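Read through the structure below, which is laid out as C-alpha cells, and then see the notes.
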Amino acid sequence: MSVHQTPADARLAASLMLLRDAAEGGVEVLMLRRAERDGDLRSGACVFPGGVLEAGDRAAHAWCLGPGDAEASARLGLAEGGLDYLVAAVRESFEEVGVLLACRPDGSALPAADWAALQPELAPWRLQLHRGEQDLGALCRAFDLRLDLRGLHYFSHWLTPPGVPKRFDTRFFTVPMPAGQVPEADRAEAVELMWAQPAVALARDSGYVLLPVTRCTLQELQAHPDTAAAHTEAGARRDIRVTMPRRGRTRKGPRIVLPWEPGWAELGRLDPDGHHQAWAEIVPGEPVRLSPRVLRVTAPNAGMMTGPGTNSYLVGDDDPAAPLAVIDPGPDDATHRAAILAAAPRRITHVLTTHTHVDHSPGAAALAQATGARIIGRRAPPYPGQDAAFRPDEEPAEGDVLSLGTGTTLHALQTPGHASNHVCWRLAEEKLLFTGDHLMQGSTVVINPPDGDMLAYLAQLERLLPMDLDWLAPGHGFLVAQPHDVIRALVAHRLKREAKVLLALQQHGPANVQALVPAAYDDTPAPLHGVAARSLLAHLLKLQAEGHAVESGGVWRVC
C-alpha cells in the first residue's frame, strides 16, 4: 500500500457532503457560507461542512458504529488514524450546521420526535465542541448515543497548494441527509446555509464564491440523477489519489491550476515550494527558464493548429564558452527572432529543426544570418504546408550526437509519422525529449497523407517506450511529465480511433473518406471534420498496409 505523506505545513482535515434529492429532481448538497475573515482565502466562500482533525476525535472511536480504524485507514490509504477523519467529518457537521450522524446503541435510528426533543439539550454542545471543551465521546456518553459512520462514503482527497498561508490535507465524504433533523447555521463558522443544486451553484450568476475543490466536486455531483446514484458511485470509488492544485502567475494575476490542466506539471518542476512566480500560461516572447540547460521562448503565432504558439528552445551549458542551440526557430517573425536573441545568454551556434512545417522552420535562415549559426535539419518533402525554402547546412542522421558543452548532449531520433522528415532531439542529461509535433500537449497531432503516415507514426511512438525519459518538451504548450503514460494513452487512443474507422467502414462502406467521417469522428465537432478527414485517411492507409482495407477510385471497403 502506498501511504500518503502529509506535508509538514498542512493540517489534517475532513469535510462532509450531506446529500438529498431536490424536489424537481437531481441532487442537492448542503453548503454553508463562511464568515468573512481577513487573510483567509476561504473567507466568504460557499463550502461543505468541515474542518481540522482534533485530539478528541480519536477519543470518540469507542463510540462509533461502522468501520474500525484499520478498515477506515486502509480505505483512506493510511497506516493508521483513518477513523479520525470520519469522526472529524461528523463533528464538524454537527458544530457548523447542527446535523449529527448518531443513532441508538443498537444501531436503530432515532425518530424525528426524539431528535426534536433532544435539540435544546444538544444545542450547547455545538459551541463546547467548537471551543474544544468537550468531545463527541462525551456527547455520546451523555445522551447514550453512538456515532453512525455506516453510511459515510469516501469521495475525494485534496491538498491545498504549497506556498499559501493555510494548507489543508482534506478527505471528503458523502452521506444521505439523515431524517428528522433540521440544519441550522452556527453563526460563527457558518453565517448562512443553503441546499444547493450543483447546476445552480455552478452558474456564472449564482453569487456563490467557490473554491476550486468545491467547484470540481459540484461538477462531479451534477452528473448524477439523484442522491442514491451519487452516493453509490462514491462508495464504489477505489484507489483515490490526492489532488493538489498549484498556483502560478498569469498576465491577469495569480491563477490556480488543477492537475489535469496544462501547466500543472511544469509548475511543479519550476516552483515546487510554491513561490508562485512561475508562469501558469504561455506568454509569447516571455523567456521561461526550464532548467540550467534549457530556455523556452514561444512565438506569437497562436491558433487552432499551433495552440498557444510554436516553442523555440535554447539549449546549452551554463558555460559562457559552450555552444548554444535553438531547437525550432518557428515562423519567420521579426518579433519572435528578437525575443530569441534577447533571451540567448550568448551567441547562438546551431539552429536545429524537428521538421519543416511552416510554423517550425521558416525562422531558421534569418536567425542563422543574424548569428552565424549552422542550420541542422532534414530537407522539406514536396508537399503542401512545408517550408520549401528551408536550406540546412547539415541533415541529421539517426543517432547523431551534438555536444553543447561538457554536460549537454542532444541525440537525434528519426521519428517519421506526423511528417516524413520529423526528428526528435533527446537531451540525455535531463531525460528530456524535444518532440516537435511528434507528441503534443493535451491533443493528438494531425497525420496528413501522403507525407503523414499513421503506420510509421505509431511505430515511432512505440519506439519511445523503452527509453529513459522523464519529460517531454513539445513544440506547442508546456512541459509534459510522465511521458511513458502519455505515450501509452496516445497509442491506445489512436488504436481506439482506428477501431471506429474500421467499424464505420464495415457499416457504411464501400464509401469515400468524407462519407466515413461523421461515423468515425462522431465525437468531434463538425467544424473540425475537415481536419479529421486527414487523419481518417491515414488510418485507412494503415489498415490497407495491414491487409484490412482496400481502396479503388477513392472508394474504400473492408477486405
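We label chains A, B, ... in the order they appear in the C-alpha cells, count residues from 1 in each chain, and number ligands from 1 in the order shown.
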
query = Tell me, which residues of region 284-345 of chain A carry DSSP helix (DSSP H, G or I), written as number ranges by chain?
reply = A: 334-343

Would you output that residue set with N, CA, C and O atoms, as a compact mmCIF listing (two decimals), in the first residue's frame?
# COMPACT_ATOMS: atom_id res chain seq x y z
N ALA A 334 9.93 38.72 -37.13
CA ALA A 334 10.99 39.57 -36.57
C ALA A 334 10.85 39.73 -35.06
O ALA A 334 11.86 39.76 -34.34
N THR A 335 9.62 39.81 -34.57
CA THR A 335 9.41 39.96 -33.13
C THR A 335 9.89 38.73 -32.38
O THR A 335 10.55 38.82 -31.34
N HIS A 336 9.56 37.56 -32.93
CA HIS A 336 9.99 36.31 -32.28
C HIS A 336 11.50 36.16 -32.35
O HIS A 336 12.15 35.76 -31.36
N ARG A 337 12.08 36.50 -33.48
CA ARG A 337 13.53 36.41 -33.62
C ARG A 337 14.22 37.33 -32.60
O ARG A 337 15.21 36.93 -31.96
N ALA A 338 13.70 38.52 -32.42
CA ALA A 338 14.28 39.45 -31.45
C ALA A 338 14.16 38.90 -30.03
O ALA A 338 15.08 39.06 -29.21
N ALA A 339 13.04 38.23 -29.73
CA ALA A 339 12.86 37.64 -28.40
C ALA A 339 13.86 36.51 -28.16
O ALA A 339 14.40 36.37 -27.05
N ILE A 340 14.11 35.70 -29.18
CA ILE A 340 15.10 34.62 -29.05
C ILE A 340 16.49 35.21 -28.81
O ILE A 340 17.22 34.77 -27.90
N LEU A 341 16.85 36.20 -29.58
CA LEU A 341 18.18 36.80 -29.44
C LEU A 341 18.34 37.49 -28.09
O LEU A 341 19.41 37.43 -27.47
N ALA A 342 17.26 38.11 -27.60
CA ALA A 342 17.33 38.76 -26.30
C ALA A 342 17.46 37.75 -25.17
O ALA A 342 18.11 38.01 -24.15
N ALA A 343 16.84 36.58 -25.34
CA ALA A 343 16.89 35.55 -24.29
C ALA A 343 18.20 34.77 -24.29
O ALA A 343 18.60 34.21 -23.26

request  = Identify all residues of region 17-148 of chain A in strand (DSSP E or B) (DSSP on the backbone) and supply them as a PyMOL selection string.
outcome  = chain A and resi 17-21+27-34+46-47+50-52+64-65+102-103+146-148

Given the selection you just returned, output its residues as a file containing N, CA and C atoms, formatted as a tab-separated table (two decimals), in the first residue's frame.
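File produced: part.tsv:
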chain	number	residue	atom	x	y	z
A	17	MET	N	-20.26	15.94	2.83
A	17	MET	CA	-21.29	16.39	1.90
A	17	MET	C	-22.60	15.68	2.23
A	18	LEU	N	-23.53	16.42	2.79
A	18	LEU	CA	-24.85	15.91	3.11
A	18	LEU	C	-25.73	16.05	1.87
A	19	LEU	N	-26.26	14.93	1.37
A	19	LEU	CA	-26.99	14.90	0.11
A	19	LEU	C	-28.46	14.60	0.33
A	20	ARG	N	-29.29	15.19	-0.52
A	20	ARG	CA	-30.71	14.83	-0.56
A	20	ARG	C	-31.21	15.07	-1.98
A	21	ASP	N	-32.37	14.50	-2.29
A	21	ASP	CA	-32.98	14.69	-3.61
A	21	ASP	C	-33.72	16.02	-3.66
A	27	VAL	N	-29.75	16.06	-7.51
A	27	VAL	CA	-29.13	16.04	-6.20
A	27	VAL	C	-29.06	17.45	-5.64
A	28	GLU	N	-29.23	17.56	-4.33
A	28	GLU	CA	-28.93	18.78	-3.60
A	28	GLU	C	-27.88	18.46	-2.54
A	29	VAL	N	-27.00	19.39	-2.28
A	29	VAL	CA	-25.98	19.22	-1.26
A	29	VAL	C	-26.02	20.41	-0.32
A	30	LEU	N	-25.86	20.14	0.97
A	30	LEU	CA	-25.90	21.21	1.97
A	30	LEU	C	-24.57	21.97	1.95
A	31	MET	N	-24.67	23.28	1.79
A	31	MET	CA	-23.48	24.14	1.77
A	31	MET	C	-23.65	25.26	2.79
A	32	LEU	N	-22.54	25.82	3.18
A	32	LEU	CA	-22.56	26.95	4.11
A	32	LEU	C	-21.69	28.06	3.55
A	33	ARG	N	-22.05	29.27	3.90
A	33	ARG	CA	-21.22	30.41	3.52
A	33	ARG	C	-20.35	30.78	4.72
A	34	ARG	N	-19.04	30.77	4.51
A	34	ARG	CA	-18.11	31.03	5.60
A	34	ARG	C	-18.11	32.51	5.97
A	46	CYS	N	-18.53	29.60	-0.32
A	46	CYS	CA	-19.57	28.61	-0.08
A	46	CYS	C	-18.93	27.23	-0.14
A	47	VAL	N	-18.99	26.51	0.97
A	47	VAL	CA	-18.26	25.25	1.10
A	47	VAL	C	-19.16	24.21	1.76
A	50	GLY	N	-16.91	21.27	7.34
A	50	GLY	CA	-15.64	20.59	7.50
A	50	GLY	C	-14.65	21.41	8.28
A	51	GLY	N	-13.56	20.77	8.68
A	51	GLY	CA	-12.53	21.45	9.43
A	51	GLY	C	-11.42	20.49	9.83
A	52	VAL	N	-10.51	20.96	10.68
A	52	VAL	CA	-9.32	20.19	11.02
A	52	VAL	C	-9.64	19.10	12.04
A	64	CYS	N	-18.27	4.66	18.17
A	64	CYS	CA	-18.62	4.65	16.74
A	64	CYS	C	-19.23	3.32	16.32
A	65	LEU	N	-20.21	3.37	15.46
A	65	LEU	CA	-20.71	2.20	14.76
A	65	LEU	C	-20.29	2.34	13.29
A	102	ALA	N	-25.89	10.20	14.30
A	102	ALA	CA	-25.88	9.38	15.51
A	102	ALA	C	-27.13	8.51	15.54
A	103	CYS	N	-27.04	7.46	16.34
A	103	CYS	CA	-28.14	6.52	16.44
A	103	CYS	C	-28.14	5.93	17.86
A	146	ARG	N	-24.59	6.60	19.73
A	146	ARG	CA	-23.41	6.13	19.02
A	146	ARG	C	-23.27	6.95	17.73
A	147	LEU	N	-22.03	7.28	17.38
A	147	LEU	CA	-21.81	7.96	16.10
A	147	LEU	C	-22.03	6.94	14.98
A	148	ASP	N	-22.90	7.29	14.05
A	148	ASP	CA	-23.27	6.35	12.99
A	148	ASP	C	-22.44	6.66	11.74

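Take CA of Val182 (chain A) and CA of Phe48 (chain A): the distance between them is 16.0 Å.
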
Each residue of region 527-556 of chain A lying at most 10 Å from region 454-468 of chain A should get a row with its shortest atom-to-atom pair and the distance in Å to one decimal, counting only C-alpha atoms; could you produce that, ordered by chain and increasing number, as a Markdown table?
| residue | atom | partner | partner_atom | distance |
| --- | --- | --- | --- | --- |
| A:Ser535 | CA | A:Met454 | CA | 8.0 |
| A:Leu536 | CA | A:Met454 | CA | 9.6 |
| A:Leu537 | CA | A:Met454 | CA | 9.1 |
| A:Ala538 | CA | A:Met454 | CA | 5.4 |
| A:His539 | CA | A:Met454 | CA | 6.1 |
| A:Leu540 | CA | A:Met454 | CA | 9.0 |
| A:Leu541 | CA | A:Met454 | CA | 7.7 |
| A:Lys542 | CA | A:Leu455 | CA | 5.3 |
| A:Leu543 | CA | A:Leu455 | CA | 8.6 |
| A:Ala545 | CA | A:Leu455 | CA | 8.2 |
| A:Glu546 | CA | A:Leu455 | CA | 9.1 |

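Every protein, DNA or RNA residue with an atom at most 8 Å from Gly26 (chain A), where only C-alpha atoms count and chain neighbours fewer than 4 positions away do not, is listed here: Asp21, Ala22, Gln197, Gln222, His224, Pro225, Asp226 and Thr227 of chain A.
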
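Between CA of Thr217 (chain A) and CA of Asp84 (chain A) the separation is 22.2 Å.
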
request  = Would you kindly return, as a ChimeraX atom specification, each protein, DNA or RNA residue with an atom no farther than 9 Å from any atom of Thr435 (chain A), considering only C-alpha atoms and excluding same-chain residues fewer than 6 positions away?
outcome  = /A:354,423-426,472-475

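Note that CA of Val351 (chain A) and CA of Ala322 (chain A) are 14.7 Å apart.
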
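Every protein, DNA or RNA residue with an atom at most 7 Å from Pro161 (chain A), where only C-alpha atoms count and chain neighbours fewer than 2 positions away do not, is listed here: Leu159, Gly163, Val164, Arg167, Met244, Pro245, Arg246 and Arg247 of chain A.
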
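Distances here use only C-alpha atoms; by that measure, the residue among A:Gly98, A:Gly385, A:Gly132, A:Pro162 closest to Arg187 (chain A) is A:Gly98.
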
key: Neighbour list for Asn512 (chain A) as a PyMOL selection string, cut-off 12 Å, only C-alpha atoms, skip fewer than 6 positions in-chain   = chain A and resi 501+504-505+518+533+536-537+540+550-557

ask   = So which one's closest to Val257 (chain A), A:Ile240, A:Ala419, A:Ala278, A:Leu218? Using only C-alpha atoms, please.
value = A:Ala278

query = What lies within 10 Å of Gly363 (chain A) using only C-alpha atoms, ignoring chain neighbours under 2 positions off, as a PyMOL selection string?
reply = chain A and resi 328-334+336-337+351+358-361+365-368+390

Put those residues in a file: N, CA and C atoms, as a short mmCIF file (atom, residue, chain, number, x, y, z; two decimals), in the first residue's frame.
data_model
loop_
_atom_site.label_atom_id
_atom_site.label_comp_id
_atom_site.auth_asym_id
_atom_site.auth_seq_id
_atom_site.Cartn_x
_atom_site.Cartn_y
_atom_site.Cartn_z
N ASP A 328 13.88 24.46 -33.20
CA ASP A 328 12.68 25.01 -33.83
C ASP A 328 12.61 26.54 -33.70
N PRO A 329 13.18 27.25 -34.66
CA PRO A 329 13.16 28.72 -34.63
C PRO A 329 11.79 29.30 -34.90
N GLY A 330 10.83 28.47 -35.33
CA GLY A 330 9.46 28.94 -35.53
C GLY A 330 9.28 29.69 -36.83
N PRO A 331 8.22 30.51 -36.93
CA PRO A 331 7.96 31.24 -38.17
C PRO A 331 8.99 32.34 -38.38
N ASP A 332 9.05 32.84 -39.60
CA ASP A 332 9.96 33.95 -39.91
C ASP A 332 9.28 35.24 -39.43
N ASP A 333 9.45 35.49 -38.16
CA ASP A 333 8.78 36.62 -37.50
C ASP A 333 9.83 37.45 -36.78
N ALA A 334 9.93 38.72 -37.13
CA ALA A 334 10.99 39.57 -36.57
C ALA A 334 10.85 39.73 -35.06
N HIS A 336 9.56 37.56 -32.93
CA HIS A 336 9.99 36.31 -32.28
C HIS A 336 11.50 36.16 -32.35
N ARG A 337 12.08 36.50 -33.48
CA ARG A 337 13.53 36.41 -33.62
C ARG A 337 14.22 37.33 -32.60
N VAL A 351 21.23 26.11 -35.19
CA VAL A 351 19.77 26.19 -35.30
C VAL A 351 19.28 24.83 -35.77
N VAL A 358 5.43 24.92 -41.68
CA VAL A 358 5.69 26.35 -41.77
C VAL A 358 5.61 27.08 -40.42
N ASP A 359 5.18 26.41 -39.39
CA ASP A 359 5.20 27.05 -38.07
C ASP A 359 6.46 26.69 -37.27
N HIS A 360 7.34 25.88 -37.85
CA HIS A 360 8.51 25.42 -37.10
C HIS A 360 9.86 25.87 -37.67
N SER A 361 10.01 25.93 -38.99
CA SER A 361 11.36 26.12 -39.54
C SER A 361 11.63 27.42 -40.30
N ALA A 365 16.56 30.65 -41.37
CA ALA A 365 17.51 31.36 -42.23
C ALA A 365 17.89 32.72 -41.64
N ALA A 366 16.89 33.50 -41.23
CA ALA A 366 17.19 34.83 -40.70
C ALA A 366 17.93 34.75 -39.37
N LEU A 367 17.58 33.75 -38.55
CA LEU A 367 18.27 33.60 -37.27
C LEU A 367 19.73 33.20 -37.50
N ALA A 368 19.96 32.31 -38.46
CA ALA A 368 21.34 31.91 -38.77
C ALA A 368 22.12 33.08 -39.35
N PHE A 390 13.53 26.00 -46.96
CA PHE A 390 14.46 25.58 -45.91
C PHE A 390 15.72 24.98 -46.53
#

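Closest approach to Leu503 (chain A) among A:Leu100, A:Ala526, A:Leu490, A:Tyr521 is made by A:Tyr521 (distances from only C-alpha atoms).
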